[in-house]
$ cat run29.txt   # compact mmCIF, C-alpha atoms
# COMPACT_ATOMS: atom_id res chain seq x y z
CA MET Q 917 -56.54 -17.86 -35.93
CA ALA Q 918 -56.50 -14.74 -38.08
CA LYS Q 919 -53.56 -12.34 -38.14
CA GLY Q 920 -53.58 -8.75 -39.30
CA LEU Q 921 -51.63 -5.51 -39.40
CA LEU Q 922 -52.06 -1.97 -40.71
CA GLY Q 923 -49.48 -0.37 -42.95
CA TYR Q 924 -48.51 2.14 -45.63
CA LYS Q 925 -47.73 1.41 -49.24
CA ILE Q 926 -44.22 2.78 -49.82
CA GLY Q 927 -43.84 1.90 -53.51
CA MET Q 928 -42.63 -0.80 -55.87
CA THR Q 929 -39.22 -2.18 -56.72
CA SER Q 930 -37.71 -5.50 -57.76
CA VAL Q 931 -35.49 -7.97 -55.91
CA TYR Q 932 -33.65 -11.13 -56.87
CA VAL Q 933 -35.06 -14.42 -55.61
CA GLY Q 934 -32.33 -16.85 -56.57
CA ASP Q 935 -31.46 -15.89 -60.14
CA LYS Q 936 -34.94 -14.52 -60.92
CA LEU Q 937 -35.87 -10.81 -60.75
CA VAL Q 938 -39.23 -10.44 -58.99
CA PRO Q 939 -41.39 -7.25 -58.90
CA VAL Q 940 -42.41 -6.47 -55.32
CA THR Q 941 -44.44 -3.91 -53.39
CA VAL Q 942 -42.74 -2.45 -50.32
CA ILE Q 943 -45.13 -2.08 -47.38
CA LYS Q 944 -44.33 -0.33 -44.09
CA ALA Q 945 -46.37 -2.63 -41.84
CA GLY Q 946 -46.86 -1.61 -38.20
CA PRO Q 947 -45.95 -1.49 -35.47
CA CYS Q 948 -49.55 -1.48 -34.27
CA VAL Q 949 -51.04 -1.51 -30.78
CA VAL Q 950 -54.22 -3.27 -29.67
CA VAL Q 951 -56.42 -0.38 -28.51
CA GLY Q 952 -59.65 -2.30 -27.96
CA LYS Q 953 -61.40 -5.67 -28.13
CA LYS Q 954 -64.76 -7.02 -29.27
CA THR Q 955 -66.15 -10.22 -27.71
CA VAL Q 956 -68.93 -12.63 -28.58
CA ASP Q 957 -70.66 -12.07 -25.24
CA LYS Q 958 -70.82 -8.30 -25.58
CA ASP Q 959 -70.66 -7.56 -29.32
CA GLY Q 960 -71.62 -10.83 -31.02
CA TYR Q 961 -68.18 -11.48 -32.55
CA ASN Q 962 -64.50 -11.62 -31.66
CA ALA Q 963 -62.12 -8.94 -32.94
CA VAL Q 964 -59.26 -6.70 -31.92
CA ARG Q 965 -58.97 -3.00 -32.77
CA LEU Q 966 -55.51 -2.06 -34.00
CA GLY Q 967 -54.12 1.47 -33.82
CA PHE Q 968 -51.54 2.70 -36.33
CA VAL Q 969 -49.54 5.99 -36.54
CA GLU Q 970 -49.42 7.55 -33.08
CA VAL Q 971 -50.69 11.14 -32.77
CA LYS Q 972 -51.25 13.66 -29.99
CA PRO Q 973 -54.69 13.35 -28.32
CA GLU Q 974 -55.32 17.04 -29.07
CA LYS Q 975 -55.50 16.21 -32.77
CA LEU Q 976 -58.59 14.02 -32.20
CA ASN Q 977 -62.10 14.95 -31.17
CA LYS Q 978 -63.15 14.28 -27.56
CA PRO Q 979 -65.06 11.01 -28.15
CA GLU Q 980 -62.14 9.51 -30.10
CA ALA Q 981 -59.54 10.66 -27.57
CA GLY Q 982 -61.74 9.45 -24.71
CA VAL Q 983 -61.66 5.84 -25.99
CA PHE Q 984 -57.86 5.80 -25.93
CA LYS Q 985 -57.77 7.42 -22.49
CA LYS Q 986 -60.29 4.91 -21.11
CA ASN Q 987 -58.18 1.95 -22.29
CA ASN Q 988 -54.96 3.65 -21.13
CA VAL Q 989 -53.27 3.41 -24.55
CA PRO Q 990 -51.68 6.08 -26.81
CA ALA Q 991 -53.83 7.90 -29.38
CA PHE Q 992 -53.61 6.77 -33.01
CA LYS Q 993 -54.53 8.27 -36.36
CA TYR Q 994 -55.92 5.02 -37.81
CA VAL Q 995 -57.96 2.38 -36.00
CA ARG Q 996 -59.24 -0.76 -37.78
CA GLU Q 997 -60.76 -4.05 -36.65
CA ILE Q 998 -59.29 -7.46 -37.41
CA ARG Q 999 -61.80 -10.23 -36.76
CA ASP Q 1000 -60.91 -13.48 -34.98
CA MET Q 1001 -57.45 -12.25 -34.00
CA ASP Q 1002 -55.90 -12.89 -30.58
CA GLY Q 1003 -54.55 -10.05 -28.45
CA GLU Q 1004 -55.03 -8.03 -25.29
CA VAL Q 1005 -55.38 -4.26 -24.97
CA GLY Q 1006 -51.91 -2.71 -24.97
CA ASP Q 1007 -50.22 -5.53 -26.90
CA LYS Q 1008 -47.78 -4.44 -29.59
CA VAL Q 1009 -48.08 -6.15 -32.98
CA THR Q 1010 -45.17 -6.05 -35.44
CA VAL Q 1011 -44.44 -7.39 -38.90
CA GLU Q 1012 -42.85 -10.47 -37.32
CA ILE Q 1013 -46.30 -12.09 -37.05
CA PHE Q 1014 -45.98 -12.88 -40.78
CA LYS Q 1015 -42.52 -14.48 -40.61
CA ASP Q 1016 -43.98 -18.01 -40.81
CA ASP Q 1017 -46.59 -17.22 -43.48
CA LYS Q 1018 -46.11 -17.63 -47.22
CA LYS Q 1019 -49.08 -15.64 -48.48
CA VAL Q 1020 -51.20 -12.67 -47.37
CA LYS Q 1021 -54.19 -10.71 -48.62
CA VAL Q 1022 -53.99 -6.93 -48.80
CA SER Q 1023 -56.95 -4.53 -48.72
CA GLY Q 1024 -57.03 -0.83 -49.55
CA TYR Q 1025 -58.68 1.88 -51.61
CA SER Q 1026 -57.84 1.69 -55.31
CA LYS Q 1027 -56.35 4.68 -57.12
CA GLY Q 1028 -58.87 7.38 -58.04
CA LYS Q 1029 -59.24 8.08 -61.76
CA GLY Q 1030 -61.70 10.99 -61.64
CA PHE Q 1031 -64.72 11.29 -63.93
CA SER Q 1032 -64.43 8.61 -66.60
CA GLY Q 1033 -66.49 7.55 -69.59
CA VAL Q 1034 -67.97 4.09 -70.07
CA VAL Q 1035 -65.04 2.81 -72.15
CA LYS Q 1036 -62.47 3.50 -69.44
CA ARG Q 1037 -64.76 2.86 -66.46
CA TRP Q 1038 -66.53 -0.33 -67.55
CA GLY Q 1039 -64.57 -1.58 -70.55
CA PHE Q 1040 -67.26 -0.86 -73.20
CA HIS Q 1041 -65.97 -1.64 -76.69
CA GLY Q 1042 -67.32 1.55 -78.22
CA TRP Q 1043 -69.06 2.17 -81.54
CA PRO Q 1044 -67.73 1.74 -85.11
CA LYS Q 1045 -64.85 4.03 -85.99
CA THR Q 1046 -65.73 4.24 -89.71
CA HIS Q 1047 -68.59 5.32 -91.99
CA GLY Q 1048 -68.94 8.71 -90.37
CA SER Q 1049 -69.71 7.42 -86.87
CA GLU Q 1050 -69.49 10.23 -84.32
CA ALA Q 1051 -70.42 8.13 -81.28
CA THR Q 1052 -67.16 6.22 -80.88
CA ARG Q 1053 -67.00 6.27 -77.05
CA ARG Q 1054 -70.64 6.98 -76.15
CA PRO Q 1055 -72.73 4.52 -74.11
CA GLY Q 1056 -75.66 4.12 -76.50
CA SER Q 1057 -79.17 3.31 -75.27
CA ILE Q 1058 -79.73 3.38 -71.50
CA GLY Q 1059 -83.17 1.74 -71.44
CA ALA Q 1060 -86.53 1.25 -73.15
CA GLY Q 1061 -89.03 4.10 -73.61
CA SER Q 1062 -92.41 3.26 -72.10
CA THR Q 1063 -91.48 0.08 -70.23
CA PRO Q 1064 -90.01 0.43 -67.63
CA GLY Q 1065 -89.95 4.17 -68.44
CA LYS Q 1066 -86.92 4.84 -66.28
CA VAL Q 1067 -83.21 4.13 -66.08
CA LEU Q 1068 -82.69 1.08 -63.88
CA LYS Q 1069 -80.43 1.41 -60.85
CA GLY Q 1070 -76.91 0.07 -61.26
CA HIS Q 1071 -76.79 0.73 -65.02
CA HIS Q 1072 -73.22 1.10 -66.27
CA MET Q 1073 -72.72 4.77 -67.14
CA ALA Q 1074 -70.03 7.42 -67.01
CA GLY Q 1075 -69.04 8.67 -63.56
CA HIS Q 1076 -66.41 8.67 -60.86
CA SER Q 1077 -63.94 5.83 -61.37
CA GLY Q 1078 -61.65 4.25 -58.82
CA THR Q 1079 -61.36 4.89 -55.05
CA TYR Q 1080 -63.25 1.75 -54.12
CA TRP Q 1081 -62.34 -0.72 -51.36
CA THR Q 1082 -60.70 -3.76 -52.88
CA THR Q 1083 -58.76 -6.81 -51.71
CA ILE Q 1084 -56.05 -8.78 -53.50
CA SER Q 1085 -55.62 -12.31 -52.14
CA ASN Q 1086 -52.81 -14.86 -52.29
CA LEU Q 1087 -49.97 -12.35 -52.52
CA GLU Q 1088 -46.69 -14.14 -51.99
CA ILE Q 1089 -44.44 -12.87 -49.20
CA VAL Q 1090 -40.96 -12.41 -50.67
CA LYS Q 1091 -39.23 -11.05 -47.57
CA VAL Q 1092 -39.98 -9.79 -44.06
CA ILE Q 1093 -37.58 -7.18 -42.61
CA PRO Q 1094 -38.47 -6.85 -38.87
CA GLU Q 1095 -35.80 -4.24 -38.04
CA LYS Q 1096 -37.35 -1.83 -40.57
CA ASP Q 1097 -41.00 -2.91 -40.09
CA VAL Q 1098 -41.14 -3.71 -43.80
CA ILE Q 1099 -42.71 -6.56 -45.74
CA LEU Q 1100 -42.11 -7.24 -49.44
CA VAL Q 1101 -44.96 -8.90 -51.35
CA LYS Q 1102 -44.84 -10.14 -54.92
CA GLY Q 1103 -46.90 -8.06 -57.36
CA ASN Q 1104 -49.04 -4.97 -56.86
CA VAL Q 1105 -51.44 -3.92 -54.09
CA PRO Q 1106 -54.35 -1.43 -54.10
CA GLY Q 1107 -53.84 2.30 -53.72
CA SER Q 1108 -51.23 4.95 -54.32
CA GLU Q 1109 -48.08 5.59 -52.32
CA LYS Q 1110 -48.63 6.45 -48.63
CA SER Q 1111 -52.15 4.99 -48.75
CA LEU Q 1112 -53.41 2.90 -45.83
CA LEU Q 1113 -53.45 -0.88 -46.21
CA ILE Q 1114 -54.75 -3.79 -44.14
CA ILE Q 1115 -52.56 -6.89 -44.38
CA ARG Q 1116 -54.08 -10.20 -43.23
CA ALA Q 1117 -53.01 -13.82 -43.21
$ encode --input "run29.txt" --output "structure tokens"
Amino acid sequence: MAKGLLGYKIGMTSVYVGDKLVPVTVIKAGPCVVVGKKTVDKDGYNAVRLGFVEVKPEKLNKPEAGVFKKNNVPAFKYVREIRDMDGEVGDKVTVEIFKDDKKVKVSGYSKGKGFSGVVKRWGFHGWPKTHGSEATRRPGSIGAGSTPGKVLKGHHMAGHSGTYWTTISNLEIVKVIPEKDVILVKGNVPGSEKSLLIIRA
């Protein structure tokens, strides 16, 4: 059965595991509350809806606040679905659900890098840097002239880089600290500090 939790990326540090210094990401994971459920009979799949970061109902619009009121649970800033996870409406989920797991996968939005050229955005090698070349970081040709007579969709060009949803799998759990709702995972995770993450096992 799947397990999941919402959290914030706090930052990175390093801790000793035995006599080895390991780089870790510190994640403030939960506590979350089950604010809704999806079932196969009604919705076609099983899932629970987790709420994270409690807020006043006045800060939400009426349809959003109405869902929380209907289920008789507090209002939350973030609500995300975790498929195939057990739980009943009102249940509290903490970081302790990962205490027996060795690895997790973490999803989030990658850091935004603004408008970027093809070399930075797609890893183009660029043009020659000698013999008077003035096109060092330009993309070059973007298609044939008469056939097809247009630029094909999905062509790698300059544009907005970063801020895409990405998942990093098989991240090793270094330590779970239930009293602080913190989990330490080896390596880096998507996003900048204070960005929302979904942690699943």
$ closest_residue --input "run29.txt" --among "Q:Asn977, Q:Ser1077, Q:Ser1023, Q:Thr1052" --to "Ala1117 in chain Q" --atoms "only C-alpha atoms"
Q:Ser1023
$ residues_around --input "run29.txt" --residues "range 989-1002 of chain Q" --least-positions-apart "4" --cutoff "7 Å" --atoms "only C-alpha atoms" --output "PDB file with C-alpha atoms, keeping the file's coordinate frame"
ATOM      1  CA  MET Q 917     -56.540 -17.860 -35.930  1.00  0.00           C
ATOM      2  CA  ALA Q 918     -56.500 -14.740 -38.080  1.00  0.00           C
ATOM      3  CA  LYS Q 919     -53.560 -12.340 -38.140  1.00  0.00           C
ATOM      4  CA  GLY Q 920     -53.580  -8.750 -39.300  1.00  0.00           C
ATOM      5  CA  VAL Q 951     -56.420  -0.380 -28.510  1.00  0.00           C
ATOM      6  CA  ASN Q 962     -64.500 -11.620 -31.660  1.00  0.00           C
ATOM      7  CA  ALA Q 963     -62.120  -8.940 -32.940  1.00  0.00           C
ATOM      8  CA  VAL Q 964     -59.260  -6.700 -31.920  1.00  0.00           C
ATOM      9  CA  ARG Q 965     -58.970  -3.000 -32.770  1.00  0.00           C
ATOM     10  CA  LEU Q 966     -55.510  -2.060 -34.000  1.00  0.00           C
ATOM     11  CA  GLY Q 967     -54.120   1.470 -33.820  1.00  0.00           C
ATOM     12  CA  PHE Q 968     -51.540   2.700 -36.330  1.00  0.00           C
ATOM     13  CA  VAL Q 969     -49.540   5.990 -36.540  1.00  0.00           C
ATOM     14  CA  GLU Q 970     -49.420   7.550 -33.080  1.00  0.00           C
ATOM     15  CA  VAL Q 971     -50.690  11.140 -32.770  1.00  0.00           C
ATOM     16  CA  LYS Q 972     -51.250  13.660 -29.990  1.00  0.00           C
ATOM     17  CA  PRO Q 973     -54.690  13.350 -28.320  1.00  0.00           C
ATOM     18  CA  ALA Q 981     -59.540  10.660 -27.570  1.00  0.00           C
ATOM     19  CA  PHE Q 984     -57.860   5.800 -25.930  1.00  0.00           C
ATOM     20  CA  LYS Q 985     -57.770   7.420 -22.490  1.00  0.00           C
ATOM     21  CA  GLY Q1006     -51.910  -2.710 -24.970  1.00  0.00           C
TER      22      GLY Q1006
END
$ closest_residue --input "run29.txt" --among "Q:Lys954, Q:Cys948, Q:Gly1024, Q:Val931" --to "Glu1109 in chain Q" --atoms "all atoms listed in the file"
Q:Gly1024
$ atom_distance --input "run29.txt" --atom1 "CA of Lys936 in chain Q" --atom2 "CA of Ser1085 in chain Q"
22.6 Å
$ atom_distance --input "run29.txt" --atom1 "CA of Val940 in chain Q" --atom2 "CA of Val1020 in chain Q"
13.4 Å
$ residues_near_point --input "run29.txt" --point "(-76.7, 0.9, -65.7)" --cutoff "12 Å" --atoms "all atoms listed in the file" --output "list in words"
Val1034, Trp1038, Pro1055, Gly1056, Ser1057, Ile1058, Gly1059, Lys1066, Val1067, Leu1068, Lys1069, Gly1070, His1071, His1072, Met1073, Ala1074 and Gly1075 of chain Q
$ build_atoms --input "run29.txt" --residues "range 1060-1076 of chain Q" --atoms "N, CA and C atoms" --output "compact mmCIF listing (two decimals), keeping the file's coordinate frame"
# COMPACT_ATOMS: atom_id res chain seq x y z
N ALA Q 1060 -85.37 1.15 -72.27
CA ALA Q 1060 -86.53 1.25 -73.15
C ALA Q 1060 -87.35 2.48 -72.84
N GLY Q 1061 -88.25 2.86 -73.76
CA GLY Q 1061 -89.03 4.10 -73.61
C GLY Q 1061 -90.16 3.99 -72.60
N SER Q 1062 -91.22 3.28 -72.96
CA SER Q 1062 -92.41 3.26 -72.10
C SER Q 1062 -92.32 2.22 -70.98
N THR Q 1063 -91.63 1.12 -71.25
CA THR Q 1063 -91.48 0.08 -70.23
C THR Q 1063 -89.99 -0.24 -70.04
N PRO Q 1064 -89.40 -0.01 -68.90
CA PRO Q 1064 -90.01 0.43 -67.63
C PRO Q 1064 -90.18 1.95 -67.52
N GLY Q 1065 -89.75 2.71 -68.51
CA GLY Q 1065 -89.95 4.17 -68.44
C GLY Q 1065 -89.00 4.87 -67.50
N LYS Q 1066 -87.92 4.22 -67.16
CA LYS Q 1066 -86.92 4.84 -66.28
C LYS Q 1066 -85.59 4.14 -66.51
N VAL Q 1067 -84.52 4.76 -66.02
CA VAL Q 1067 -83.21 4.13 -66.08
C VAL Q 1067 -83.04 3.28 -64.82
N LEU Q 1068 -82.79 2.00 -65.01
CA LEU Q 1068 -82.69 1.08 -63.88
C LEU Q 1068 -81.43 1.37 -63.05
N LYS Q 1069 -81.56 1.19 -61.75
CA LYS Q 1069 -80.43 1.41 -60.85
C LYS Q 1069 -79.29 0.43 -61.16
N GLY Q 1070 -78.06 0.93 -61.03
CA GLY Q 1070 -76.91 0.07 -61.26
C GLY Q 1070 -76.48 0.00 -62.71
N HIS Q 1071 -77.15 0.76 -63.60
CA HIS Q 1071 -76.79 0.73 -65.02
C HIS Q 1071 -75.39 1.30 -65.21
N HIS Q 1072 -74.60 0.66 -66.05
CA HIS Q 1072 -73.22 1.10 -66.27
C HIS Q 1072 -73.21 2.38 -67.11
N MET Q 1073 -72.78 3.47 -66.47
CA MET Q 1073 -72.72 4.77 -67.14
C MET Q 1073 -71.43 5.47 -66.75
N ALA Q 1074 -71.21 6.62 -67.35
CA ALA Q 1074 -70.03 7.42 -67.01
C ALA Q 1074 -70.15 7.92 -65.57
N GLY Q 1075 -69.01 8.17 -64.93
CA GLY Q 1075 -69.04 8.67 -63.56
C GLY Q 1075 -67.68 8.56 -62.91
N HIS Q 1076 -67.67 8.72 -61.60
CA HIS Q 1076 -66.41 8.67 -60.86
C HIS Q 1076 -65.84 7.26 -60.88
